[in-house]
Amino acid sequence: MQRCYYAALGMVGSPQDAEDLSQEAFVRAFRARERLDPERPFYPWLYQILRRLCYNFTRDITSRRRKLERAGSWLVAEASVRASVNDPERVRATEALRERLEGAIGDLPMAQREVFVLKEFEGLKYREIAELLDVPIGTVMSRLYAARQRLAARLEGLE
Amino acid sequence: MTDDAGRIGRLTELLMRALDDELAPGEREEFERVLVDNPELAAEWKRLSRLKEVTTNMNLRNPPEEMWAGYWTSVYSRFERGLAWVLVSIGAIVVGSWGAWQFVQDLMADADLPMFVKWSILALLVGLVMLLVSVLRHRLFVSRSDPYKEIER
């Protein structure tokens with residue numbers, strides 16, 4: 001359940017919506033359980049349901065508006081980084097960086113955002129992402145590269 | 001480069017693998033050689049390494065513990081509510097149909113109403129039902145066959 005929640009959080013950027021969508025994915029998976037192939041792993045199948053829900057959610061105009069209203073912080077600096085920063089200036093700079101990164105990830109096209117989150121925040125290998133999304137590894141790498149180009153451009157000048 | 005090009009150049013591939021620590025044995029030396037020979041790639045390596053450093057130090061925010069505690073209860077409630085909506089819908093359709101049938105019977109049996117008023121009321125009701133069904137069918141069709149539904153607008 002945690003994996004499903006975090007995957008949704010990475011895609012929609014709102015804790016409340018991530019909870020809703022991940023729970024809805026479980027409900028739909030239960031309803032469609034006869035389509036599950038017991039020979040194949042469960043999570044990739046569940047993930048396909050979840051990502052469809054998240055794509056639809058972000059596409060819908062009403063939910064986009066809701067997303068903007070709910071947009072809160074969904075990333076957090078690692079505990080070790082927070083602990084090592086006692087200087088208020090550095091704390092502010094780290095917060096500014098986090099906010100900028102959140103905004104920049106939020107503006108990525110969904111396909112790039114999805115790959116970026118799976119790689120950077122869920123720590124999956126290219127092969128694992130390719131299997132999960134059912135796309136070639138080259139596609140994973142090109143989407144990730146495009147996402148990084150955009151994000152690096154957005155973060156330039158911010159330390 | 002388009003999002004779904006499906007392939008990227010060899011140098012970019014090396015750069016990405018190096019960033020993500022997924023270089024195959026022997027590729028590290030190749031990448032380091034290329035980096036020395038190619039200042040543009042070296043600049044990009046520096047730029048993307050900085051981004052990697054930033055994202056490595058960030059995590060997805062953990063929700064409050066209470067959320068995990070009530071997670072499955074909410075999933076169960078959703079399932080229960082879904083079932084309840086199905087039952088409510090079936091009940092509403094049956095009761096509504098029965099009510100409509102009773103209404104039509106009473107209307108036709110009313111001797112005080114002129115015939116043209118009876119048929120006008122009937123036409124109005126049938127028209128409204130047809131409009132409703134048509135709109136619902138169209139919405140269902142669009143949502144199933146929209147070729148652009150996966151495209152980010």
# chains A, B, ... in the order shown; residues from 1 in each chain; ligands from 1

call {"tool": "interface_residues", "arguments": {"of": "chain A", "to": "chain B", "cutoff": "8 Å", "atoms": "only C-alpha atoms", "output": "JSON, numbers by chain"}}
result
{"A": [6, 9, 10, 15, 23, 24, 26, 27, 55, 56, 59, 73, 74, 75, 76, 77, 78, 81, 98, 109, 110, 112, 120, 121, 125, 136, 137, 138, 139, 140, 141, 142, 143, 145, 146, 148, 149, 151, 152, 155]}

call {"tool": "residues_around", "arguments": {"residues": "Leu97 (chain A)", "least_positions_apart": "3", "cutoff": "9 Å", "atoms": "only C-alpha atoms", "output": "ChimeraX atom specification"}}
result
/A:92-94,100-102,155,158-159 /B:54

call {"tool": "write_last_selection", "arguments": {"atoms": "C-alpha atoms", "output": "JSON list (two decimals), in the first residue's frame"}}
result
[["chain", "number", "residue", "atom", "x", "y", "z"],
["A", 92, "ARG", "CA", 15.76, 29.14, 3.58],
["A", 93, "ALA", "CA", 17.85, 28.29, 0.52],
["A", 94, "THR", "CA", 17.08, 24.57, 0.89],
["A", 100, "ARG", "CA", 11.36, 25.33, -7.05],
["A", 101, "LEU", "CA", 11.94, 21.64, -7.66],
["A", 102, "GLU", "CA", 8.35, 20.75, -6.72],
["A", 155, "LEU", "CA", 16.98, 25.19, -11.25],
["A", 158, "LEU", "CA", 19.52, 28.63, -7.58],
["A", 159, "GLU", "CA", 21.92, 27.21, -5.02],
["B", 54, "VAL", "CA", 19.62, 18.07, -5.35]]

call {"tool": "closest_residue", "arguments": {"among": "B:Asp37, B:Trp45, B:Gly70, B:Leu128", "to": "Leu19 (chain B)", "atoms": "only C-alpha atoms"}}
result
B:Trp45

call {"tool": "closest_residue", "arguments": {"among": "A:Leu50, A:Ala7, A:Ala32, A:Leu144", "to": "Leu108 (chain A)", "atoms": "only C-alpha atoms"}}
result
A:Leu144

call {"tool": "closest_residue", "arguments": {"among": "B:Pro114, B:Leu35, B:Val104, B:Ile93", "to": "Ala18 (chain B)", "atoms": "only C-alpha atoms"}}
result
B:Leu35
